[in-house]
file my_file-v1.cif (mmCIF, C-alpha atoms and all ligand atoms; chains and numbers go by the auth columns)
data_start
loop_
_atom_site.group_PDB
_atom_site.id
_atom_site.type_symbol
_atom_site.label_atom_id
_atom_site.label_comp_id
_atom_site.label_asym_id
_atom_site.label_seq_id
_atom_site.Cartn_x
_atom_site.Cartn_y
_atom_site.Cartn_z
_atom_site.B_iso_or_equiv
_atom_site.auth_seq_id
_atom_site.auth_asym_id
ATOM 1 C CA MET A 1 -74.565 -10.906 173.910 0.00 83 K
ATOM 2 C CA GLU A 2 -74.761 -12.465 170.491 0.00 84 K
ATOM 3 C CA LYS A 3 -77.212 -10.898 168.128 0.00 85 K
ATOM 4 C CA HIS A 4 -80.344 -12.785 167.289 0.00 86 K
ATOM 5 C CA THR A 5 -82.988 -12.504 164.633 0.00 87 K
ATOM 6 C CA ILE A 6 -86.675 -13.086 165.167 0.00 88 K
ATOM 7 C CA VAL A 7 -88.185 -14.827 162.162 0.00 89 K
ATOM 8 C CA HIS A 8 -91.949 -14.746 161.647 0.00 90 K
ATOM 9 C CA ILE A 9 -93.610 -16.960 159.035 0.00 91 K
ATOM 10 C CA LYS A 10 -96.523 -14.573 158.786 0.00 92 K
ATOM 11 C CA LYS A 11 -98.371 -16.365 155.994 0.00 93 K
ATOM 12 C CA ASP A 12 -99.105 -19.242 158.398 0.00 94 K
ATOM 13 C CA CYS A 13 -100.473 -17.052 161.218 0.00 95 K
ATOM 14 C CA ILE A 14 -103.879 -18.210 162.490 0.00 96 K
ATOM 15 C CA SER A 15 -104.667 -14.885 164.202 0.00 97 K
ATOM 16 C CA CYS A 16 -104.850 -16.260 167.735 0.00 98 K
ATOM 17 C CA GLY A 17 -103.299 -13.113 169.218 0.00 99 K
ATOM 18 C CA ALA A 18 -101.121 -14.920 171.759 0.00 100 K
ATOM 19 C CA CYS A 19 -97.860 -13.278 170.698 0.00 101 K
ATOM 20 C CA ALA A 20 -99.351 -9.781 170.887 0.00 102 K
ATOM 21 C CA ALA A 21 -100.833 -10.567 174.315 0.00 103 K
ATOM 22 C CA ILE A 22 -97.560 -11.788 175.787 0.00 104 K
ATOM 23 C CA ALA A 23 -95.136 -9.398 174.065 0.00 105 K
ATOM 24 C CA PRO A 24 -97.039 -6.254 173.042 0.00 106 K
ATOM 25 C CA ASP A 25 -93.844 -4.204 172.752 0.00 107 K
ATOM 26 C CA TYR A 26 -92.906 -6.368 169.785 0.00 108 K
ATOM 27 C CA TRP A 27 -96.112 -7.842 168.405 0.00 109 K
ATOM 28 C CA GLU A 28 -99.461 -6.404 167.353 0.00 110 K
ATOM 29 C CA MET A 29 -102.354 -7.566 165.225 0.00 111 K
ATOM 30 C CA ASP A 30 -102.573 -5.828 161.842 0.00 112 K
ATOM 31 C CA GLU A 31 -105.621 -4.726 159.852 0.00 113 K
ATOM 32 C CA GLN A 32 -105.949 -8.249 158.428 0.00 114 K
ATOM 33 C CA ALA A 33 -105.905 -9.704 161.949 0.00 115 K
ATOM 34 C CA LEU A 34 -102.509 -11.264 161.382 0.00 116 K
ATOM 35 C CA ALA A 35 -99.654 -10.880 163.827 0.00 117 K
ATOM 36 C CA LYS A 36 -97.209 -8.142 162.916 0.00 118 K
ATOM 37 C CA LEU A 37 -93.682 -8.033 164.283 0.00 119 K
ATOM 38 C CA LYS A 38 -93.112 -4.324 164.866 0.00 120 K
ATOM 39 C CA GLY A 39 -90.231 -2.898 162.855 0.00 121 K
ATOM 40 C CA ALA A 40 -89.595 -6.139 160.987 0.00 122 K
ATOM 41 C CA VAL A 41 -88.437 -6.235 157.390 0.00 123 K
ATOM 42 C CA GLN A 42 -89.742 -8.683 154.822 0.00 124 K
ATOM 43 C CA LYS A 43 -87.299 -11.377 153.684 0.00 125 K
ATOM 44 C CA GLY A 44 -88.915 -13.534 151.063 0.00 126 K
ATOM 45 C CA GLU A 45 -92.049 -14.987 152.647 0.00 127 K
ATOM 46 C CA ASN A 46 -90.908 -14.211 156.192 0.00 128 K
ATOM 47 C CA TRP A 47 -90.555 -11.117 158.337 0.00 129 K
ATOM 48 C CA GLU A 48 -87.396 -10.592 160.353 0.00 130 K
ATOM 49 C CA LEU A 49 -86.235 -8.335 163.172 0.00 131 K
ATOM 50 C CA ASP A 50 -82.749 -8.228 164.670 0.00 132 K
ATOM 51 C CA ILE A 51 -82.542 -8.029 168.477 0.00 133 K
ATOM 52 C CA ASN A 52 -79.532 -7.597 170.740 0.00 134 K
ATOM 53 C CA THR A 53 -80.651 -7.719 174.367 0.00 135 K
ATOM 54 C CA GLU A 54 -81.412 -10.604 176.718 0.00 136 K
ATOM 55 C CA GLU A 55 -84.751 -8.991 177.545 0.00 137 K
ATOM 56 C CA ALA A 56 -85.780 -8.911 173.891 0.00 138 K
ATOM 57 C CA LYS A 57 -84.695 -12.487 173.408 0.00 139 K
ATOM 58 C CA ALA A 58 -86.529 -13.682 176.517 0.00 140 K
ATOM 59 C CA ILE A 59 -89.869 -12.039 175.806 0.00 141 K
ATOM 60 C CA ASN A 60 -89.823 -13.070 172.160 0.00 142 K
ATOM 61 C CA GLN A 61 -88.904 -16.618 173.139 0.00 143 K
ATOM 62 C CA GLU A 62 -92.043 -16.575 175.274 0.00 144 K
ATOM 63 C CA ALA A 63 -94.023 -15.437 172.242 0.00 145 K
ATOM 64 C CA ALA A 64 -92.446 -18.233 170.197 0.00 146 K
ATOM 65 C CA ASP A 65 -93.308 -20.768 172.887 0.00 147 K
ATOM 66 C CA VAL A 66 -96.988 -19.788 173.027 0.00 148 K
ATOM 67 C CA CYS A 67 -97.497 -19.654 169.252 0.00 149 K
ATOM 68 C CA PRO A 68 -99.771 -22.647 168.564 0.00 150 K
ATOM 69 C CA VAL A 69 -98.519 -23.119 165.013 0.00 151 K
ATOM 70 C CA ASN A 70 -94.812 -22.609 165.775 0.00 152 K
ATOM 71 C CA ILE A 71 -94.157 -19.852 163.256 0.00 153 K
ATOM 72 C CA ILE A 72 -92.012 -17.606 165.470 0.00 154 K
ATOM 73 C CA HIS A 73 -88.335 -18.537 165.634 0.00 155 K
ATOM 74 C CA ILE A 74 -85.357 -16.944 167.370 0.00 156 K
ATOM 75 C CA LYS A 75 -82.156 -17.600 165.459 0.00 157 K
ATOM 76 C CA LYS A 76 -78.609 -16.728 166.296 0.00 158 K
ATOM 77 C CA LYS A 77 -77.426 -14.122 163.830 0.00 159 K
ATOM 78 C CA GLU A 78 -74.556 -15.292 161.669 0.00 160 K
HETATM 79 S S1 LIG B . -99.087 -16.558 168.340 0.00 1 H
HETATM 80 FE FE1 LIG B . -98.564 -17.329 166.257 0.00 1 H
HETATM 81 S S2 LIG B . -100.541 -17.840 165.302 0.00 1 H
HETATM 82 FE FE2 LIG B . -100.974 -16.572 167.104 0.00 1 H
HETATM 83 S S3 LIG B . -101.136 -14.475 166.299 0.00 1 H
HETATM 84 FE FE3 LIG B . -98.993 -14.772 166.969 0.00 1 H
HETATM 85 S S4 LIG B . -97.878 -15.498 165.139 0.00 1 H
HETATM 86 FE FE4 LIG B . -100.077 -15.724 164.724 0.00 1 H
#

call {"tool": "encode", "arguments": {"input": "my_file-v1.cif", "output": "structure tokens"}}
result
Amino acid sequence: MEKHTIVHIKKDCISCGACAAIAPDYWEMDEQALAKLKGAVQKGENWELDINTEEAKAINQEAADVCPVNIIHIKKKE
């Protein structure tokens, strides 16, 4: 499948915990109670993680869908 990148606008996280509840293999809450995308690298103000399986895309899309402030995005990698 095409590669995708998860983009997390961490600075706007409101600490609800929904992403970590629905996709704990990818998301956890850090010591500041903000969501942390495991293994992500910082790109400017955002955090990004490349994924390359349908399973990863599906579970992270669920996390994106439940995020109340819409700060998780799945983008096709260029
Ligand atoms: S679902 Fe969104 S607002 Fe809630 S903890 Fe995760 S990134 Fe933050």

call {"tool": "residues_around", "arguments": {"input": "my_file-v1.cif", "residues": "Val123 of chain K", "least_positions_apart": "3", "cutoff": "12 Å", "atoms": "all atoms listed in the file", "output": "list in words"}}
result
Thr87, Ile88, Val89, His90, Lys92, Lys118, Leu119, Lys120, Gly126, Glu127, Asn128, Trp129, Glu130, Leu131 and Asp132 of chain K

call {"tool": "closest_residue", "arguments": {"input": "my_file-v1.cif", "among": "K:Ile91, K:Ala138, K:Cys98, K:Cys149", "to": "Met111 of chain K", "atoms": "all atoms listed in the file"}}
result
K:Cys98

call {"tool": "residues_near_ligand", "arguments": {"input": "my_file-v1.cif", "ligand": "ligand LIG 1 (chain H)", "cutoff": "12 Å", "atoms": "all atoms listed in the file", "output": "ChimeraX atom specification"}}
result
/K:88-106,108-112,114-119,128-129,142-155

call {"tool": "residues_around", "arguments": {"input": "my_file-v1.cif", "residues": "His86 of chain K", "least_positions_apart": "5", "cutoff": "8 Å", "atoms": "only C-alpha atoms", "output": "MDAnalysis selection string"}}
result
chainID K and resid 132:134 139 156:159

call {"tool": "write_last_selection", "arguments": {"input": "my_file-v1.cif", "atoms": "C-alpha atoms", "output": "PDB file, in the coordinates of the input"}}
result
ATOM      1  CA  ASP K 132     -82.749  -8.228 164.670  1.00  0.00           C
ATOM      2  CA  ILE K 133     -82.542  -8.029 168.477  1.00  0.00           C
ATOM      3  CA  ASN K 134     -79.532  -7.597 170.740  1.00  0.00           C
ATOM      4  CA  LYS K 139     -84.695 -12.487 173.408  1.00  0.00           C
ATOM      5  CA  ILE K 156     -85.357 -16.944 167.370  1.00  0.00           C
ATOM      6  CA  LYS K 157     -82.156 -17.600 165.459  1.00  0.00           C
ATOM      7  CA  LYS K 158     -78.609 -16.728 166.296  1.00  0.00           C
ATOM      8  CA  LYS K 159     -77.426 -14.122 163.830  1.00  0.00           C
TER       9      LYS K 159
END

call {"tool": "axis_aligned_box", "arguments": {"input": "my_file-v1.cif", "around": "segment 99-113 of chain K", "padding_each_side": "4 Å", "output": "lines of an AutoDock Vina configuration file"}}
result
center_x = -99.3
center_y = -9.6
center_z = 167.8
size_x = 20.7
size_y = 18.7
size_z = 23.9

call {"tool": "build_atoms", "arguments": {"input": "my_file-v1.cif", "residues": "segment 85-106 of chain K", "atoms": "N, CA and C atoms", "output": "PDB file, keeping the file's coordinate frame"}}
result
ATOM      1  N   LYS K  85     -75.991 -11.411 168.741  1.00  0.00           N
ATOM      2  CA  LYS K  85     -77.212 -10.898 168.128  1.00  0.00           C
ATOM      3  C   LYS K  85     -78.086 -12.057 167.671  1.00  0.00           C
ATOM      4  N   HIS K  86     -79.385 -11.798 167.751  1.00  0.00           N
ATOM      5  CA  HIS K  86     -80.344 -12.785 167.289  1.00  0.00           C
ATOM      6  C   HIS K  86     -81.322 -12.137 166.320  1.00  0.00           C
ATOM      7  N   THR K  87     -81.968 -12.963 165.565  1.00  0.00           N
ATOM      8  CA  THR K  87     -82.988 -12.504 164.633  1.00  0.00           C
ATOM      9  C   THR K  87     -84.287 -13.246 164.932  1.00  0.00           C
ATOM     10  N   ILE K  88     -85.355 -12.468 165.068  1.00  0.00           N
ATOM     11  CA  ILE K  88     -86.675 -13.086 165.167  1.00  0.00           C
ATOM     12  C   ILE K  88     -87.182 -13.309 163.744  1.00  0.00           C
ATOM     13  N   VAL K  89     -87.631 -14.509 163.480  1.00  0.00           N
ATOM     14  CA  VAL K  89     -88.185 -14.827 162.162  1.00  0.00           C
ATOM     15  C   VAL K  89     -89.663 -15.181 162.336  1.00  0.00           C
ATOM     16  N   HIS K  90     -90.500 -14.513 161.567  1.00  0.00           N
ATOM     17  CA  HIS K  90     -91.949 -14.746 161.647  1.00  0.00           C
ATOM     18  C   HIS K  90     -92.457 -15.214 160.282  1.00  0.00           C
ATOM     19  N   ILE K  91     -93.032 -16.410 160.279  1.00  0.00           N
ATOM     20  CA  ILE K  91     -93.610 -16.960 159.035  1.00  0.00           C
ATOM     21  C   ILE K  91     -95.064 -16.500 158.985  1.00  0.00           C
ATOM     22  N   LYS K  92     -95.219 -15.238 158.643  1.00  0.00           N
ATOM     23  CA  LYS K  92     -96.523 -14.573 158.786  1.00  0.00           C
ATOM     24  C   LYS K  92     -97.640 -15.246 158.000  1.00  0.00           C
ATOM     25  N   LYS K  93     -97.327 -15.784 156.846  1.00  0.00           N
ATOM     26  CA  LYS K  93     -98.371 -16.365 155.994  1.00  0.00           C
ATOM     27  C   LYS K  93     -99.101 -17.510 156.685  1.00  0.00           C
ATOM     28  N   ASP K  94     -98.492 -18.119 157.700  1.00  0.00           N
ATOM     29  CA  ASP K  94     -99.105 -19.242 158.398  1.00  0.00           C
ATOM     30  C   ASP K  94     -99.770 -18.838 159.711  1.00  0.00           C
ATOM     31  N   CYS K  95     -99.848 -17.534 159.986  1.00  0.00           N
ATOM     32  CA  CYS K  95    -100.473 -17.052 161.218  1.00  0.00           C
ATOM     33  C   CYS K  95    -101.970 -17.390 161.219  1.00  0.00           C
ATOM     34  N   ILE K  96    -102.453 -17.883 162.367  1.00  0.00           N
ATOM     35  CA  ILE K  96    -103.879 -18.210 162.490  1.00  0.00           C
ATOM     36  C   ILE K  96    -104.622 -17.186 163.357  1.00  0.00           C
ATOM     37  N   SER K  97    -103.987 -16.028 163.568  1.00  0.00           N
ATOM     38  CA  SER K  97    -104.667 -14.885 164.202  1.00  0.00           C
ATOM     39  C   SER K  97    -105.120 -15.143 165.626  1.00  0.00           C
ATOM     40  N   CYS K  98    -104.398 -15.963 166.367  1.00  0.00           N
ATOM     41  CA  CYS K  98    -104.850 -16.260 167.735  1.00  0.00           C
ATOM     42  C   CYS K  98    -104.583 -15.107 168.693  1.00  0.00           C
ATOM     43  N   GLY K  99    -103.589 -14.275 168.381  1.00  0.00           N
ATOM     44  CA  GLY K  99    -103.299 -13.113 169.218  1.00  0.00           C
ATOM     45  C   GLY K  99    -102.391 -13.377 170.407  1.00  0.00           C
ATOM     46  N   ALA K 100    -101.920 -14.585 170.574  1.00  0.00           N
ATOM     47  CA  ALA K 100    -101.121 -14.920 171.759  1.00  0.00           C
ATOM     48  C   ALA K 100     -99.806 -14.138 171.820  1.00  0.00           C
ATOM     49  N   CYS K 101     -99.151 -13.990 170.700  1.00  0.00           N
ATOM     50  CA  CYS K 101     -97.860 -13.278 170.698  1.00  0.00           C
ATOM     51  C   CYS K 101     -98.053 -11.815 171.102  1.00  0.00           C
ATOM     52  N   ALA K 102     -99.089 -11.189 170.571  1.00  0.00           N
ATOM     53  CA  ALA K 102     -99.351  -9.781 170.887  1.00  0.00           C
ATOM     54  C   ALA K 102     -99.779  -9.611 172.350  1.00  0.00           C
ATOM     55  N   ALA K 103    -100.419 -10.627 172.911  1.00  0.00           N
ATOM     56  CA  ALA K 103    -100.833 -10.567 174.315  1.00  0.00           C
ATOM     57  C   ALA K 103     -99.629 -10.679 175.240  1.00  0.00           C
ATOM     58  N   ILE K 104     -98.678 -11.521 174.886  1.00  0.00           N
ATOM     59  CA  ILE K 104     -97.560 -11.788 175.787  1.00  0.00           C
ATOM     60  C   ILE K 104     -96.391 -10.819 175.575  1.00  0.00           C
ATOM     61  N   ALA K 105     -96.265 -10.287 174.368  1.00  0.00           N
ATOM     62  CA  ALA K 105     -95.136  -9.398 174.065  1.00  0.00           C
ATOM     63  C   ALA K 105     -95.593  -8.204 173.224  1.00  0.00           C
ATOM     64  N   PRO K 106     -96.453  -7.357 173.828  1.00  0.00           N
ATOM     65  CA  PRO K 106     -97.039  -6.254 173.042  1.00  0.00           C
ATOM     66  C   PRO K 106     -96.035  -5.198 172.596  1.00  0.00           C
TER      67      PRO K 106
END
